[in-house]
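Novice: Got a file for you: target.tsv, TSV, C-alpha atoms.
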```tsv
chain	number	residue	atom	x	y	z
A	1	MET	CA	-32.84	10.37	36.41
A	2	PRO	CA	-35.06	10.88	33.38
A	3	TYR	CA	-33.04	11.99	30.40
A	4	GLU	CA	-34.41	12.20	26.91
A	5	ILE	CA	-32.12	12.15	23.91
A	6	GLU	CA	-34.63	12.59	21.14
A	7	ALA	CA	-32.78	14.99	18.91
A	8	SER	CA	-30.14	12.38	18.05
A	9	GLY	CA	-32.78	9.74	17.35
A	10	PHE	CA	-30.93	7.54	19.76
A	11	ALA	CA	-33.45	6.03	22.14
A	12	GLY	CA	-33.68	2.46	20.83
A	13	PRO	CA	-36.54	0.29	22.14
A	14	LEU	CA	-34.47	-1.40	24.86
A	15	TYR	CA	-32.91	1.89	25.87
A	16	LYS	CA	-36.37	3.40	26.23
A	17	LEU	CA	-37.73	0.38	28.09
A	18	LEU	CA	-34.86	0.41	30.58
A	19	GLU	CA	-35.27	4.13	31.03
A	20	LEU	CA	-39.00	3.75	31.84
A	21	ILE	CA	-38.26	0.94	34.31
A	22	GLU	CA	-35.41	2.80	36.02
A	23	GLU	CA	-37.39	6.02	36.25
A	24	LYS	CA	-39.83	4.20	38.49
A	25	LYS	CA	-37.00	2.34	40.25
A	26	TYR	CA	-38.57	-0.98	39.25
A	27	GLU	CA	-36.88	-4.36	38.98
A	28	ILE	CA	-37.01	-6.05	35.58
A	29	THR	CA	-39.97	-8.39	36.11
A	30	GLU	CA	-42.97	-9.37	34.03
A	31	ILE	CA	-45.37	-7.51	36.35
A	32	ASN	CA	-43.36	-4.30	36.09
A	33	LEU	CA	-43.09	-4.60	32.31
A	34	ALA	CA	-46.89	-4.81	32.19
A	35	LYS	CA	-47.08	-1.61	34.25
A	36	ILE	CA	-45.00	0.47	31.86
A	37	THR	CA	-46.63	-0.85	28.64
A	38	GLY	CA	-48.85	2.23	28.37
A	39	ASP	CA	-45.90	4.63	28.60
A	40	PHE	CA	-43.99	2.66	26.00
A	41	LEU	CA	-46.92	2.67	23.55
A	42	GLU	CA	-47.23	6.41	24.12
A	43	TYR	CA	-43.59	6.78	23.09
A	44	LEU	CA	-44.27	5.06	19.74
A	45	LYS	CA	-45.88	8.31	18.56
A	46	VAL	CA	-42.64	10.18	19.25
A	47	VAL	CA	-40.67	7.57	17.30
A	48	GLU	CA	-43.07	7.72	14.37
A	49	ASP	CA	-42.70	11.47	14.36
A	50	LYS	CA	-38.94	11.81	14.79
A	51	GLU	CA	-37.28	8.57	13.68
A	52	PRO	CA	-39.73	6.54	11.57
A	53	ARG	CA	-36.87	4.29	10.37
A	54	PHE	CA	-36.65	2.77	13.86
A	55	LEU	CA	-40.41	2.26	14.18
A	56	ALA	CA	-40.28	-1.42	13.19
A	57	ASP	CA	-37.76	-2.18	15.95
A	58	PHE	CA	-40.03	-0.46	18.46
A	59	ILE	CA	-43.15	-2.28	17.28
A	60	VAL	CA	-41.46	-5.67	17.79
A	61	VAL	CA	-40.90	-4.80	21.44
A	62	ALA	CA	-44.32	-3.16	21.81
A	63	ALA	CA	-46.01	-6.35	20.57
A	64	LYS	CA	-44.30	-8.37	23.32
A	65	LEU	CA	-45.27	-5.79	25.94
A	66	ILE	CA	-48.93	-5.93	24.86
A	67	LEU	CA	-48.77	-9.70	25.25
A	68	ILE	CA	-47.35	-9.34	28.78
A	69	LYS	CA	-50.02	-6.76	29.60
A	70	SER	CA	-52.82	-9.01	28.30
A	71	LYS	CA	-51.48	-11.85	30.39
A	72	SER	CA	-51.57	-9.68	33.50
A	73	LEU	CA	-55.13	-8.53	32.78
A	74	VAL	CA	-56.56	-11.90	31.76
A	75	PRO	CA	-55.22	-14.46	34.23
A	76	ASP	CA	-56.82	-17.36	32.32
A	77	LEU	CA	-55.00	-16.48	29.12
A	78	ILE	CA	-52.91	-19.45	28.01
A	79	LEU	CA	-49.85	-18.55	25.97
A	80	THR	CA	-48.07	-20.81	23.51
A	81	PRO	CA	-44.56	-21.98	24.45
A	82	GLU	CA	-43.15	-19.60	21.80
A	83	GLU	CA	-44.98	-16.66	23.33
A	84	GLU	CA	-43.71	-17.56	26.81
A	85	GLU	CA	-40.23	-17.88	25.34
A	86	GLY	CA	-40.56	-14.45	23.73
A	87	ILE	CA	-41.47	-12.84	27.05
A	88	LYS	CA	-38.49	-14.47	28.77
A	89	ASP	CA	-36.23	-13.39	25.93
A	90	LEU	CA	-37.30	-9.77	26.31
A	91	GLN	CA	-36.53	-9.87	30.04
A	92	ASN	CA	-33.13	-11.47	29.40
A	93	ARG	CA	-32.25	-8.93	26.75
A	94	LEU	CA	-33.23	-6.09	29.02
A	95	ASN	CA	-31.01	-7.47	31.79
A	96	LEU	CA	-28.16	-7.91	29.31
A	97	TYR	CA	-28.62	-4.38	28.04
A	98	LYS	CA	-28.57	-3.09	31.59
A	99	SER	CA	-25.28	-4.77	32.45
A	100	LEU	CA	-23.67	-3.59	29.22
A	101	LYS	CA	-24.74	-0.02	30.01
A	102	ILE	CA	-22.08	-0.10	32.74
A	103	ALA	CA	-19.45	-1.16	30.20
A	104	GLU	CA	-20.60	1.72	28.04
A	105	GLU	CA	-20.17	4.18	30.90
A	106	ASN	CA	-16.62	2.86	31.50
A	107	PHE	CA	-15.88	3.33	27.84
A	108	ILE	CA	-17.28	6.84	27.65
A	109	ALA	CA	-15.26	7.83	30.72
A	110	LEU	CA	-12.06	6.67	28.98
A	111	TRP	CA	-13.05	8.25	25.69
A	112	SER	CA	-13.88	11.63	27.15
A	113	THR	CA	-10.64	12.07	29.09
A	114	ASN	CA	-9.17	12.65	25.63
A	115	LYS	CA	-5.87	11.07	26.63
A	116	ILE	CA	-4.76	9.98	23.20
A	117	SER	CA	-1.51	8.09	22.58
A	118	PHE	CA	0.17	9.56	19.54
A	119	THR	CA	2.31	7.79	16.97
A	120	LYS	CA	4.70	9.03	14.34
A	121	ASN	CA	3.35	9.26	10.83
A	122	PRO	CA	4.10	5.86	9.38
A	123	LEU	CA	6.86	5.82	6.81
A	124	LEU	CA	5.80	4.25	3.56
A	125	ILE	CA	8.83	2.01	3.53
A	126	GLY	CA	9.83	1.24	-0.03
A	127	LEU	CA	6.56	2.58	-1.39
A	128	ASN	CA	7.49	6.00	-2.76
A	129	PRO	CA	5.06	7.10	-5.45
A	130	VAL	CA	6.65	7.07	-8.86
A	131	PHE	CA	5.60	8.24	-12.28
A	132	ILE	CA	5.76	5.67	-15.05
A	133	ALA	CA	4.88	6.92	-18.52
A	134	PHE	CA	3.41	4.12	-20.58
A	135	SER	CA	4.27	4.44	-24.23
A	136	GLU	CA	0.63	3.87	-25.29
A	137	ILE	CA	-0.50	7.06	-23.55
A	138	ASN	CA	-0.47	9.94	-26.03
A	139	CYS	CA	-2.89	12.56	-27.32
A	140	ASP	CA	-4.25	10.30	-30.06
A	141	SER	CA	-4.93	7.34	-27.77
A	142	LEU	CA	-6.64	9.57	-25.20
A	143	LEU	CA	-8.83	11.09	-27.90
A	144	ALA	CA	-9.70	7.66	-29.32
A	145	SER	CA	-10.62	6.43	-25.88
A	146	LEU	CA	-12.82	9.44	-25.28
A	147	ALA	CA	-14.58	8.97	-28.64
A	148	LYS	CA	-15.27	5.34	-27.77
A	149	THR	CA	-16.82	6.30	-24.44
A	150	GLN	CA	-18.95	8.93	-26.14
A	151	SER	CA	-20.30	6.51	-28.73
A	152	SER	CA	-21.23	3.98	-26.08
A	153	ILE	CA	-23.11	6.69	-24.17
A	154	VAL	CA	-25.00	7.62	-27.34
A	155	ALA	CA	-25.84	3.95	-27.92
A	156	LEU	CA	-27.11	3.63	-24.37
A	157	LYS	CA	-29.23	6.76	-24.74
A	158	THR	CA	-30.96	5.57	-27.90
A	159	GLN	CA	-31.65	2.25	-26.23
A	160	TYR	CA	-33.45	4.02	-23.40
A	161	GLU	CA	-35.46	6.22	-25.71
A	162	LYS	CA	-37.04	3.14	-27.30
A	163	TYR	CA	-39.05	2.47	-24.17
A	164	GLU	CA	-42.08	4.71	-23.95
A	165	ALA	CA	-43.59	5.34	-20.56
A	166	ILE	CA	-47.08	4.07	-19.91
A	167	ASN	CA	-49.51	5.39	-17.40
A	168	PHE	CA	-50.76	2.47	-15.38
A	169	GLU	CA	-53.59	4.49	-13.89
A	170	ASP	CA	-55.06	5.08	-17.34
A	171	TYR	CA	-55.39	1.33	-17.78
A	172	VAL	CA	-56.91	0.89	-14.33
A	173	SER	CA	-59.53	3.54	-15.05
A	174	GLU	CA	-60.18	2.06	-18.49
A	175	LEU	CA	-60.83	-1.29	-16.86
A	176	ILE	CA	-63.16	0.28	-14.29
A	177	THR	CA	-65.11	2.06	-17.02
A	178	ARG	CA	-65.51	-1.16	-19.00
A	179	ILE	CA	-66.62	-3.11	-15.96
A	180	ASN	CA	-69.15	-0.41	-15.11
A	181	GLN	CA	-70.52	-0.81	-18.65
A	182	ASN	CA	-71.43	-4.33	-17.55
A	183	ILE	CA	-68.67	-6.04	-19.43
A	184	SER	CA	-67.90	-9.06	-17.35
A	185	ARG	CA	-65.61	-11.10	-19.61
A	186	PHE	CA	-61.91	-10.23	-19.55
A	187	ASP	CA	-61.52	-11.12	-23.25
A	188	CYS	CA	-64.08	-8.42	-24.15
A	189	VAL	CA	-61.86	-5.86	-22.46
A	190	THR	CA	-58.76	-7.04	-24.27
A	191	GLU	CA	-60.33	-7.12	-27.75
A	192	ASN	CA	-58.21	-5.37	-30.37
A	193	LYS	CA	-55.36	-4.83	-27.91
A	194	ASN	CA	-51.75	-5.71	-28.49
A	195	LYS	CA	-49.85	-8.12	-26.26
A	196	LYS	CA	-48.28	-5.41	-24.13
A	197	GLU	CA	-51.64	-3.80	-23.41
A	198	VAL	CA	-53.19	-7.15	-22.51
A	199	ILE	CA	-50.45	-7.67	-19.96
A	200	ILE	CA	-50.97	-4.22	-18.47
A	201	LEU	CA	-54.75	-4.73	-18.36
A	202	PHE	CA	-54.19	-8.01	-16.55
A	203	LEU	CA	-51.95	-6.22	-14.02
A	204	ALA	CA	-54.70	-3.61	-13.62
A	205	LEU	CA	-57.15	-6.45	-12.96
A	206	LEU	CA	-54.89	-7.86	-10.25
A	207	HIS	CA	-54.53	-4.38	-8.80
A	208	LEU	CA	-58.30	-3.93	-8.49
A	209	LEU	CA	-58.60	-7.41	-7.02
A	210	LYS	CA	-55.96	-6.55	-4.44
A	211	ASP	CA	-57.81	-3.35	-3.54
A	212	ASN	CA	-60.97	-5.41	-3.04
A	213	LYS	CA	-62.89	-3.46	-5.71
A	214	ILE	CA	-63.91	-6.46	-7.83
A	215	PHE	CA	-64.59	-10.18	-7.73
A	216	VAL	CA	-63.08	-12.47	-10.34
A	217	ASP	CA	-63.92	-16.04	-11.17
A	218	GLN	CA	-62.13	-18.50	-13.42
A	219	LYS	CA	-63.69	-21.93	-13.67
A	220	SER	CA	-60.60	-23.77	-14.90
A	221	ALA	CA	-57.08	-23.06	-16.16
A	222	PHE	CA	-57.03	-20.89	-19.33
A	223	SER	CA	-60.81	-20.49	-19.24
A	224	GLU	CA	-62.41	-17.04	-19.40
A	225	ILE	CA	-62.00	-14.72	-16.42
A	226	MET	CA	-65.37	-13.38	-15.26
A	227	ILE	CA	-65.39	-10.04	-13.51
A	228	THR	CA	-68.10	-8.63	-11.23
A	229	THR	CA	-68.00	-5.39	-9.33
A	230	LYS	CA	-68.29	-5.34	-5.58
A	231	GLN	CA	-71.21	-3.22	-4.47
B	1	MET	CA	24.11	-4.54	17.43
B	2	ASN	CA	23.48	-7.84	19.15
B	3	ASN	CA	20.94	-7.03	21.85
B	4	ILE	CA	17.51	-8.32	20.80
B	5	HIS	CA	15.70	-5.61	22.82
B	6	ALA	CA	17.59	-2.89	21.01
B	7	LYS	CA	16.81	-4.43	17.63
B	8	ILE	CA	13.09	-4.69	18.35
B	9	GLU	CA	13.01	-1.15	19.66
B	10	ALA	CA	14.64	0.12	16.49
B	11	VAL	CA	12.17	-1.76	14.27
B	12	LEU	CA	9.14	-0.53	16.25
B	13	PHE	CA	10.43	3.04	16.13
B	14	VAL	CA	10.79	3.11	12.38
B	15	ALA	CA	7.69	1.05	11.55
B	16	SER	CA	5.44	3.31	13.69
B	17	SER	CA	2.33	1.59	12.30
B	18	PRO	CA	1.30	-1.72	13.92
B	19	ILE	CA	3.71	-4.56	13.06
B	20	SER	CA	3.27	-8.26	13.88
B	21	ILE	CA	5.59	-10.33	16.06
B	22	SER	CA	6.29	-12.70	13.17
B	23	LYS	CA	7.27	-9.78	10.94
B	24	ILE	CA	9.63	-8.43	13.61
B	25	ALA	CA	11.10	-11.91	14.09
B	26	SER	CA	11.81	-12.31	10.39
B	27	ILE	CA	13.35	-8.82	10.09
B	28	ILE	CA	15.74	-9.27	13.00
B	29	ALA	CA	16.25	-13.00	12.29
B	30	GLU	CA	15.24	-14.29	15.71
B	31	GLU	CA	12.78	-16.91	16.98
B	32	GLU	CA	9.23	-15.61	17.57
B	33	GLU	CA	9.32	-16.90	21.15
B	34	MET	CA	12.47	-14.88	21.80
B	35	VAL	CA	10.79	-11.78	20.37
B	36	LYS	CA	7.72	-12.31	22.57
B	37	ASP	CA	9.88	-12.56	25.70
B	38	ALA	CA	11.90	-9.51	24.73
B	39	ILE	CA	8.70	-7.50	24.20
B	40	ILE	CA	7.56	-8.28	27.75
B	41	THR	CA	10.86	-6.86	29.03
B	42	LEU	CA	10.56	-3.83	26.74
B	43	LYS	CA	7.02	-3.15	28.01
B	44	GLU	CA	8.33	-3.16	31.59
B	45	LYS	CA	11.07	-0.76	30.61
B	46	TYR	CA	8.55	1.67	29.12
B	47	ASN	CA	6.32	1.32	32.14
B	48	SER	CA	8.61	3.53	34.22
B	49	PRO	CA	7.65	7.18	34.79
B	50	SER	CA	10.82	8.29	33.04
B	51	SER	CA	9.48	6.98	29.72
B	52	GLY	CA	7.23	9.07	27.49
B	53	ILE	CA	6.30	6.21	25.18
B	54	HIS	CA	4.73	2.78	25.56
B	55	ILE	CA	3.94	-0.25	23.39
B	56	ILE	CA	0.37	-0.76	22.19
B	57	GLU	CA	-0.54	-4.35	21.35
B	58	HIS	CA	-3.71	-5.03	19.38
B	59	GLU	CA	-4.69	-8.04	17.23
B	60	ASN	CA	-1.06	-9.22	17.02
B	61	GLY	CA	0.13	-5.77	15.95
B	62	LEU	CA	2.70	-3.89	18.03
B	63	GLN	CA	3.16	-0.16	17.89
B	64	LEU	CA	5.14	2.50	19.72
B	65	ALA	CA	3.02	5.44	20.88
B	66	THR	CA	3.26	8.30	23.34
B	67	LYS	CA	1.81	7.76	26.80
B	68	PRO	CA	-1.68	9.13	27.44
B	69	GLU	CA	-0.30	11.33	30.23
B	70	ALA	CA	1.65	13.20	27.58
B	71	SER	CA	-1.38	13.82	25.38
B	72	LEU	CA	-1.75	17.51	26.21
B	73	ILE	CA	1.91	18.21	25.46
B	74	VAL	CA	1.97	16.24	22.23
B	75	ALA	CA	-1.33	17.73	21.12
B	76	GLN	CA	0.40	21.13	20.95
B	77	LEU	CA	2.70	19.66	18.35
B	78	VAL	CA	0.17	17.51	16.50
B	79	LYS	CA	-2.89	19.64	16.09
B	80	THR	CA	-4.78	17.35	13.77
B	81	GLU	CA	-5.91	14.62	16.15
B	82	THR	CA	-8.82	15.47	18.39
B	83	HIS	CA	-11.96	13.63	19.32
B	84	GLU	CA	-14.94	14.32	17.21
B	85	ASN	CA	-18.18	14.38	19.09
B	86	LEU	CA	-19.91	11.06	18.73
B	87	THR	CA	-23.69	10.70	19.08
B	88	PRO	CA	-24.97	8.53	21.94
B	89	ALA	CA	-25.93	5.80	19.44
B	90	THR	CA	-22.42	5.78	17.98
B	91	LEU	CA	-20.82	5.74	21.43
B	92	GLU	CA	-23.03	2.86	22.53
B	93	THR	CA	-22.17	0.80	19.45
B	94	LEU	CA	-18.46	1.69	19.72
B	95	SER	CA	-18.28	0.63	23.37
B	96	LEU	CA	-20.01	-2.67	22.57
B	97	VAL	CA	-17.55	-3.39	19.75
B	98	ALA	CA	-14.62	-2.46	22.01
B	99	TYR	CA	-15.74	-4.73	24.84
B	100	LEU	CA	-17.26	-7.62	22.89
B	101	GLY	CA	-15.50	-7.51	19.50
B	102	PRO	CA	-14.98	-9.37	17.27
B	103	ILE	CA	-18.78	-9.42	17.23
B	104	ALA	CA	-21.37	-10.03	14.50
B	105	LYS	CA	-23.88	-7.35	13.51
B	106	SER	CA	-26.72	-9.69	14.46
B	107	SER	CA	-25.41	-10.00	18.05
B	108	LEU	CA	-25.01	-6.23	18.29
B	109	GLU	CA	-28.56	-5.69	17.09
B	110	TYR	CA	-29.81	-8.35	19.51
B	111	ILE	CA	-28.23	-6.38	22.37
B	112	ARG	CA	-29.23	-2.92	21.18
B	113	GLY	CA	-32.67	-3.92	19.88
B	114	VAL	CA	-32.24	-1.56	16.97
B	115	ASN	CA	-30.87	-1.76	13.42
B	116	SER	CA	-27.18	-0.83	13.56
B	117	SER	CA	-26.00	-0.93	9.92
B	118	PHE	CA	-25.78	2.82	9.59
B	119	THR	CA	-23.90	3.31	12.87
B	120	LEU	CA	-21.41	0.53	12.07
B	121	ARG	CA	-20.67	2.00	8.66
B	122	ASN	CA	-20.19	5.40	10.21
B	123	LEU	CA	-17.70	4.02	12.76
B	124	MET	CA	-15.79	2.17	10.03
B	125	ILE	CA	-15.48	5.33	7.95
B	126	ARG	CA	-13.95	7.08	10.96
B	127	GLY	CA	-11.43	4.25	11.35
B	128	LEU	CA	-12.57	3.41	14.88
B	129	ILE	CA	-13.69	-0.13	14.05
B	130	GLU	CA	-12.90	-2.57	11.26
B	131	ARG	CA	-14.59	-5.67	9.96
B	132	ILE	CA	-13.14	-9.10	9.30
B	133	SER	CA	-14.63	-12.26	7.83
B	134	HIS	CA	-16.16	-14.69	10.30
B	135	PRO	CA	-13.65	-17.56	10.61
B	136	LYS	CA	-16.43	-20.18	10.52
B	137	LYS	CA	-19.16	-18.47	8.48
B	138	PRO	CA	-17.53	-16.84	5.44
B	139	ASN	CA	-20.74	-15.01	4.52
B	140	THR	CA	-20.83	-12.93	7.71
B	141	TYR	CA	-18.59	-10.19	9.05
B	142	LEU	CA	-17.30	-9.57	12.53
B	143	TYR	CA	-16.58	-6.09	13.82
B	144	ARG	CA	-13.65	-5.28	16.09
B	145	PRO	CA	-11.88	-2.16	17.39
B	146	THR	CA	-8.93	-0.77	15.39
B	147	SER	CA	-5.54	-0.10	16.95
B	148	ASP	CA	-6.31	3.59	16.39
B	149	LEU	CA	-9.26	3.26	18.77
B	150	ILE	CA	-7.02	1.62	21.41
B	151	ARG	CA	-4.59	4.49	20.93
B	152	HIS	CA	-7.36	7.08	21.25
B	153	LEU	CA	-8.44	5.59	24.56
B	154	GLY	CA	-4.87	5.85	25.91
B	155	ILE	CA	-4.72	2.14	26.79
B	156	THR	CA	-2.11	-0.37	25.64
B	157	SER	CA	-4.50	-3.19	24.68
B	158	LYS	CA	-8.23	-3.82	24.80
B	159	GLU	CA	-7.71	-6.02	27.88
B	160	ASP	CA	-6.92	-2.74	29.70
B	161	LEU	CA	-10.58	-1.68	29.45
B	162	PRO	CA	-12.17	-1.61	32.93
B	163	ASP	CA	-13.70	-5.01	33.85
B	164	PHE	CA	-12.84	-6.39	30.42
B	165	ALA	CA	-12.81	-10.04	31.60
B	166	LYS	CA	-16.26	-9.71	33.16
B	167	TYR	CA	-17.83	-8.66	29.87
B	168	GLN	CA	-16.04	-11.42	28.02
B	169	GLU	CA	-18.00	-13.81	30.25
B	170	LEU	CA	-21.25	-12.04	29.30
B	171	LYS	CA	-20.35	-12.41	25.65
B	172	LYS	CA	-20.45	-16.20	25.98
B	173	ASN	CA	-24.16	-15.95	26.90
B	174	ILE	CA	-24.96	-13.87	23.84
B	175	GLU	CA	-23.21	-16.26	21.49
B	176	ASN	CA	-25.12	-19.20	22.90
B	177	GLU	CA	-28.40	-17.53	21.97
```
Written as structure tokens, how would this file's structure read?
Specialist:
Amino acid sequence: MPYEIEASGFAGPLYKLLELIEEKKYEITEINLAKITGDFLEYLKVVEDKEPRFLADFIVVAAKLILIKSKSLVPDLILTPEEEEGIKDLQNRLNLYKSLKIAEENFIALWSTNKISFTKNPLLIGLNPVFIAFSEINCDSLLASLAKTQSSIVALKTQYEKYEAINFEDYVSELITRINQNISRFDCVTENKNKKEVIILFLALLHLLKDNKIFVDQKSAFSEIMITTKQ
Amino acid sequence: MNNIHAKIEAVLFVASSPISISKIASIIAEEEEMVKDAIITLKEKYNSPSSGIHIIEHENGLQLATKPEASLIVAQLVKTETHENLTPATLETLSLVAYLGPIAKSSLEYIRGVNSSFTLRNLMIRGLIERISHPKKPNTYLYRPTSDLIRHLGITSKEDLPDFAKYQELKKNIENE
């Protein structure tokens, strides 16, 4: 009984796995899990398309399936105890999920008969809402309170305006330009710059390093940072 | 009025929202054990076909409610309560909480294999489940069905769910993980 509930974004990884197994009327065994690995990987595309927020959960299961598949294809493959444990765990979870599916069907049957038991509206015993006028509430105090709120908003606003936005990309491109002009010492780049700019240039340096665009070398702590471009 | 059954019945009728045995005992000035015994007799009394109400018992709270068989009739009077359509994900999570609750989010996600924060929040907003602090780990929450959910299923306690005991056994395996 193949049924697809894609629109609701429901099919979780175990749901999908059980569905693939049951479609083929397989038992939950390692060999059968290896057989449906391809179909499951195929389904990842659908998840990525429709419910990307669940993709991580699917990839965790997919990784285990690929391991099972590799084991079935390469008989000499020796797995670590953790990997073996992971495969067993997936099988156990799938069996657990399968038995709880029956509980779910029981529940849905009860739920959908719509046989609700009704109760009276609870009386709020001894809790009738009352109006208590505090003497300190009057037009003047309300106005004063409002003025106070307004001034604190103004204060907050001026505080924010003090921070000017910087464009990080400008600094990255500045650094690239300087490096291309054969400047290899970081202190040459930071000449005549204020502290804030030095920090940003250093971040830009780290950024380029992360992107694998440059090599850096620093012989010892606090010594000069030498930059070379990667060709 | 001296009959303990009559007193309890009167208290349950007026309270209408779930009320604990200890609260009933203190209101009618009787021993809790006496109240418990009297409630068993009251439940039997309501069990007869001539009664249109029954007692729902959930997490130590007792509540008088109409019998599920009367739902169609009462629904004509109370038009506000109907089932909203739940998505399959919500139904799956709800049934797991009903059968296995109180249950931690981590156990639920272990079973479902998928992040369940959003679904749990959704069910809490609808008043179908509630969360309590874990008695042993104060930094985690446990989720359990509300008495409103029990009422909506037309059962008198969660033990009335089909094969409830069987799934309680299963739960022990999950918690050992």
Novice: Give me, as a list in words, the contact residues of chain A against chain B at a cut-off of 7 Å, counting all atoms listed in the file.
Specialist: Ser8, Phe10, Gly12, Pro13, Leu14, Phe54, Asp57, Arg93, Tyr97, Glu104, Asn106, Phe107, Leu110, Trp111, Asn114, Lys115, Ile116, Ser117, Phe118, Thr119, Lys120, Asn121, Pro122 and Leu123 of chain A
Novice: Output C-alpha atoms of each residue in that selection to a file, as an mmCIF file, keeping the file's coordinate frame.
Specialist:
```
data_model
loop_
_atom_site.group_PDB
_atom_site.id
_atom_site.type_symbol
_atom_site.label_atom_id
_atom_site.label_comp_id
_atom_site.auth_asym_id
_atom_site.auth_seq_id
_atom_site.Cartn_x
_atom_site.Cartn_y
_atom_site.Cartn_z
ATOM 1 C CA SER A 8 -30.140 12.380 18.050
ATOM 2 C CA PHE A 10 -30.930 7.540 19.760
ATOM 3 C CA GLY A 12 -33.680 2.460 20.830
ATOM 4 C CA PRO A 13 -36.540 0.290 22.140
ATOM 5 C CA LEU A 14 -34.470 -1.400 24.860
ATOM 6 C CA PHE A 54 -36.650 2.770 13.860
ATOM 7 C CA ASP A 57 -37.760 -2.180 15.950
ATOM 8 C CA ARG A 93 -32.250 -8.930 26.750
ATOM 9 C CA TYR A 97 -28.620 -4.380 28.040
ATOM 10 C CA GLU A 104 -20.600 1.720 28.040
ATOM 11 C CA ASN A 106 -16.620 2.860 31.500
ATOM 12 C CA PHE A 107 -15.880 3.330 27.840
ATOM 13 C CA LEU A 110 -12.060 6.670 28.980
ATOM 14 C CA TRP A 111 -13.050 8.250 25.690
ATOM 15 C CA ASN A 114 -9.170 12.650 25.630
ATOM 16 C CA LYS A 115 -5.870 11.070 26.630
ATOM 17 C CA ILE A 116 -4.760 9.980 23.200
ATOM 18 C CA SER A 117 -1.510 8.090 22.580
ATOM 19 C CA PHE A 118 0.170 9.560 19.540
ATOM 20 C CA THR A 119 2.310 7.790 16.970
ATOM 21 C CA LYS A 120 4.700 9.030 14.340
ATOM 22 C CA ASN A 121 3.350 9.260 10.830
ATOM 23 C CA PRO A 122 4.100 5.860 9.380
ATOM 24 C CA LEU A 123 6.860 5.820 6.810
#
```
Novice: Within 8 Å of region 180-197 of chain A, counting only C-alpha atoms, which residues show up once you throw out same-chain ones fewer than 4 positions away? Write them as JSON, numbers by chain, please.
Specialist: {"A": [175, 176, 201, 224, 225, 226, 227, 228, 229]}
Novice: Return the single residue from A:Glu136, A:Asp39, A:Leu156, A:Pro75 that is closest to Glu23 (chain A), with distances computed using only C-alpha atoms.
Specialist: A:Asp39
Novice: Between CA of Glu32 (chain B) and CA of Leu128 (chain B), measure the distance and give it in Å to one decimal.
Specialist: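 About the pair CA of Glu32 (chain B) and CA of Leu128 (chain B): they are 29.1 Å apart.
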Novice: I'd like to know which of B:Lys136, B:Lys172, B:Arg121, B:Lys23 is closest to Leu62 (chain B), using all atoms listed in the file.
Specialist: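 For Leu62 (chain B), the nearest of the candidates is B:Lys23.
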Novice: Go ahead and compute the interatomic distance for CA of Ile28 (chain B) and CA of Ser48 (chain B), in Å to one decimal.
Specialist: 25.8 Å
Novice: Would you pick out the contacts of Leu206 (chain A) at 12 Å or less, using all atoms listed in the file, so that residues sharing its chain but fewer than 3 positions from it are not included, and give the list as a list in words?
Specialist: Tyr171, Val172, Leu175, Phe186, Ile199, Ile200, Leu201, Phe202, Leu203, Leu209, Lys210, Asp211, Asn212, Lys213, Ile214, Phe215, Val216, Ile225 and Ile227 of chain A
Novice: Provide an axis-aligned box for all listed atoms of region 173-192 of chain A, padding each side by 6 Å; report its centre and its edge lengths in Å to one decimal, as lines of an AutoDock Vina configuration file.
Specialist:
```
center_x = -64.8
center_y = -3.8
center_z = -22.3
size_x = 25.2
size_y = 26.7
size_z = 28.1
```
Novice: Between CA of Leu55 (chain A) and CA of Leu142 (chain B), what is the spacing in Å?
Specialist: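 Separation of CA of Leu142 (chain B) and CA of Leu55 (chain A): 26.0 Å.
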Novice: In terms of the shortest atom-to-atom distance over only C-alpha atoms, which of A:Leu79, A:Leu67, A:Cys139, A:Val198 is closest to Thr37 (chain A)?
Specialist: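 Of A:Leu79, A:Leu67, A:Cys139, A:Val198, the one nearest Thr37 (chain A), counting only C-alpha atoms, is A:Leu67.
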Novice: Taking only C-alpha atoms into account, name the residue in B:Glu30, B:Asn122, B:Ser147, B:Ser157 that is nearest to Lys43 (chain B).
Specialist: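 Among the listed residues, B:Ser157 lies closest to Lys43 (chain B).
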